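Structure first, commentary second.
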Amino acid sequence: MYQNHIKFELTQGNFKSNIDFNLSSDKIIAITGLSGSGKSTIAKVICGLISPNKGLIKLNDKILYCSNSRINISPNLRKIGMVFQEPRLFSHMTVINNLLYGQRRNAKLNHKKLEKIIKILGIKNILKRKTYNLSGGEAQRVSIGRALLSEPKILILDEPLTGLDTPRQNKILSIIKDINKKLKIPILFISHSLDEIIFIAEKIIIIEKGKVVAQGPIDEIISYKKLSYFNKGNKKSSLIKGVIIEHDKEYLSSTINIDGVLMTSKRINDKIGSNQILKIFSKDISIATEIPTNISINNILETKIKKIKIEKQKGSVDLTLSIGKQEITSEVTFRSYKKLKLNIGLQVYALIKAVSIVGK
Amino acid sequence: MLSALELEALKLSAFIAIIAVSASIIPGIIIAWIISKKNGFIASILNILVYLPLVLPPVVIGYVLLLLFSHNGVIGNFLYENFNISVNFSWKGAAIAAAVVSFPLLVRSIKLGFDTFDSKIEEAAYMNGASKIDCFFSITLPQVLPSIITGLTLAFARCLAEFGATITFVSNIPGETQTLPLALYTATQIPGTEQAALRLVIISIALAFISVAIAEILAKRANKRIMGNPN
């Protein structure tokens with residue numbers, strides 16, 4: 001397998017990037033971090049659209065940039081398929097000419113490949129259209145196709161789902177997975193959305209203030225504490241791993257074992273014994289000091305408070321609770337916190353209203 | 001329908017305007033690109049120089065051209081000694097005058113096109129394997145085409161209207177430098193030719209109307225090609 005090494009230092013104004021990571025995989029790798037963490041900068045440096053102060057960029061054993069030996073291959077010769085946040089289509093051309101733009105400059109026309117890509121992307125009906133009246137989702141699919149047809153050695157997607165509605169986002173995510181599987185091309189997927197990443201990537205690299213702070217396979221990195229705060233908006237959530245142990249046909253529910261603690265969720269369409277990643281929003285966890293009776297909530301777990309973080313300005317308190325060897329966070333109001341006299345080490349009951357499955 | 005003199009002036013006007021504008025296209029695009037994309041001292045000076053003809057009285061331009069292109073002038077001497085070309089009192093001089101006067105309008109429009117063109121699209125072209133030159137011709141130029149067409153229209157119209165610099169530089173010679181405005185001027189100077197003057201006015205208006213209308217149609221088409229919206 002090819003070795004890819006991305007290492008560079010870059011100062012832009014008062015923002016400093018100091019990035020160093022290896023990619024030795026033909027899989028989908030996600031780069032994530034909050035906005036402003038320097039994710040897109042990484043893509044631009046790899047593409048050669050920004051030159052770093054120093055470093056080494058090596059893709060497929062080929063050196064694209066090396067400050068020591070003064071190598072800096074220009075972007076058009078780097079063989080990188082880049083999909084930007086906006087589709088950036090060439091509006092004076094039809095869809096098919098957009099698709100063929102990169103292809104013409106990199107390889108002989110391969111009808112089979114062209115047809116295959118058009119089929120994967122589902123854009124057969126719009127080939128003759130001009131690009132200005134495409135919908136956002138169509139335009140982004142054309143943009144992906146254009147990048148793929150330029151015979152890239154790697155595909156980089158920088159927040160490609162921005163501005164699309166959820167069904168279209170899901171469609172494009174599935175297409176990206178499909179591309180990776182069918183065309184066997186490594187993909188670097190840059191996104192701030194945890195849902196997207198968990199759905200799509202096998203490996204995650206987390207960027208914070210221009211630095212790699214954590215990297216590894218999804219199920220290893222899941223406990224990285226900051227991961228839970230990357231979620232969209234201010235909806236805090238926790239991620240935990242579990243195994244399906246039972247399906248209930250009558251109640252259409254599934255039972256999941258989380259390090260020995262059992263939880264029920266809506267029926268999951270997967271095999272018994274399969275690993276799952278669950279997401280629980282912090283606001284969906286209520287706290288009781290005694291077991292409540294006559295309550296609709298099914299998941300009532302005995303747990304201990306491990307950490308307390310008071311957010312005075314919001315009038316809320318974040319409680320870190322242990323669940324097996326893992327942790328979940330509950331957000332309660334400051335009023336409830338006082339009323340229940342909560343403190344670290346106290347045994348409480350976590351009332352979990354909803355659990356969702358986000359990945360495997 | 002048209003008299004020989006009128007026809008001659010009309011042909012000459014159109015001919016000079018076409019020559020002047022055609023010769024300006026390439027330098028116009030290059031200079032517009034430089035002053036749009038570069039910020040250095042030279043670009044700033046170039047910017048001012050290009051716009052000068054727009055604010056100077058045409059007679060000043062005509063006189064400066066006369067100084068430069070006469071056989072004793074720097075350029076005129078060079079052309080005469082090396083190529084045996086003389087532009088004085090000839091349609092070539094009239095075309096130079098028209099080109100100089102209309103150049104700012106051409107450059108201004110094209111520069112506006114480059115200014116508003118989203119250069120992020122160029123990054124996409126690079127990542128698809130296009131070199132900078134390839135990208136300029138395959139992406140940038142087609143994208144600013146509506147601005148180029150607008151610039152050409154304005155410049156062409158300005159050439160048709162050119163009077164002051166031409167009469168100062170190359171005089172008013174029927175069949176050689178007497179364009180429509182100059183022919184009209186002559187007509188207004190001779191008593192009893194009001195009818196002839198009026199005819200020339202009508203011809204001028206018709207010519208201007210037709211050329212602007214054609215240019216508008218072309219610009220709308222180009223715009224539609226890019227944005228799907230004729231405006």
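Residue names in the structure tokens use chain letters A, B, ... in the order shown, residue numbers from 1 in each chain, and ligand numbers from 1 in the order shown.
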Hey, which bits of chain B sit within 10 Å of chain A, and for each residue what's the closest pair of atoms and how far apart in Å (one decimal), counting only C-alpha atoms, rows by chain and increasing number, as a Markdown table?
```
| residue | atom | partner | partner_atom | distance |
| --- | --- | --- | --- | --- |
| B:Asp118 | CA | A:Arg88 | CA | 9.2 |
| B:Ser119 | CA | A:Arg88 | CA | 9.8 |
| B:Lys120 | CA | A:Arg88 | CA | 7.1 |
| B:Ile121 | CA | A:Arg88 | CA | 5.3 |
| B:Glu122 | CA | A:Arg88 | CA | 8.8 |
| B:Glu123 | CA | A:Leu49 | CA | 7.4 |
| B:Ala124 | CA | A:Arg88 | CA | 6.5 |
| B:Ala125 | CA | A:Gly102 | CA | 7.7 |
| B:Tyr126 | CA | A:Asn76 | CA | 4.6 |
| B:Met127 | CA | A:Asn76 | CA | 5.2 |
| B:Asn128 | CA | A:Gly102 | CA | 4.3 |
| B:Gly129 | CA | A:Asn76 | CA | 4.0 |
| B:Ala130 | CA | A:Asn76 | CA | 5.5 |
| B:Ser131 | CA | A:Asn76 | CA | 6.0 |
| B:Lys132 | CA | A:Asn76 | CA | 8.6 |
| B:Asp134 | CA | A:Arg105 | CA | 9.9 |
| B:Ser138 | CA | A:Tyr101 | CA | 9.4 |
| B:Ile139 | CA | A:Phe90 | CA | 7.1 |
| B:Thr140 | CA | A:Phe90 | CA | 9.7 |
| B:Pro142 | CA | A:His92 | CA | 6.9 |
| B:Gln143 | CA | A:His92 | CA | 6.7 |
| B:Leu145 | CA | A:His92 | CA | 9.9 |
| B:Ala222 | CA | A:His92 | CA | 8.9 |
| B:Asn223 | CA | A:His92 | CA | 9.1 |
| B:Lys224 | CA | A:His92 | CA | 8.9 |
| B:Arg225 | CA | A:His92 | CA | 5.7 |
| B:Ile226 | CA | A:His92 | CA | 4.4 |
| B:Met227 | CA | A:Tyr132 | CA | 5.9 |
| B:Gly228 | CA | A:Tyr132 | CA | 6.3 |
| B:Asn229 | CA | A:Tyr132 | CA | 9.2 |
```
Find the residues of segment 1-61 of chain B that sit at most 9 Å from segment 91-106 of chain B; for each, write down the nearest two atoms and how far apart they are in Å, to one decimal. Count only C-alpha atoms. Sort by chain, then by number going up, and give it as a tab-separated table.
```
residue	atom	partner	partner_atom	distance
B:Leu12	CA	B:Trp91	CA	8.1
B:Phe15	CA	B:Ala95	CA	8.7
B:Ile16	CA	B:Ala95	CA	5.1
B:Ala17	CA	B:Ala95	CA	6.9
B:Ile18	CA	B:Ala95	CA	8.7
B:Ile19	CA	B:Ala95	CA	6.6
B:Ala20	CA	B:Ala99	CA	4.7
B:Val21	CA	B:Ala99	CA	6.4
B:Ala23	CA	B:Ala99	CA	7.8
B:Ser24	CA	B:Ala99	CA	6.6
B:Ile25	CA	B:Leu106	CA	8.0
B:Gly28	CA	B:Leu106	CA	6.5
B:Ile29	CA	B:Leu106	CA	8.5
B:Ala32	CA	B:Leu106	CA	8.6
B:Val50	CA	B:Pro104	CA	5.6
B:Tyr51	CA	B:Pro104	CA	5.1
B:Leu52	CA	B:Pro104	CA	7.8
B:Pro53	CA	B:Val101	CA	5.5
B:Leu54	CA	B:Pro104	CA	6.3
B:Pro58	CA	B:Val101	CA	7.5
B:Ile61	CA	B:Ala97	CA	7.8
```
Practice problem: Assign secondary structure with DSSP using the backbone only, and return the residues of segment 26-99 of chain B in helix (DSSP H, G or I) as a PyMOL selection string. | Solution: chain B and resi 26-37+41-55+58-69+74-83+91-99
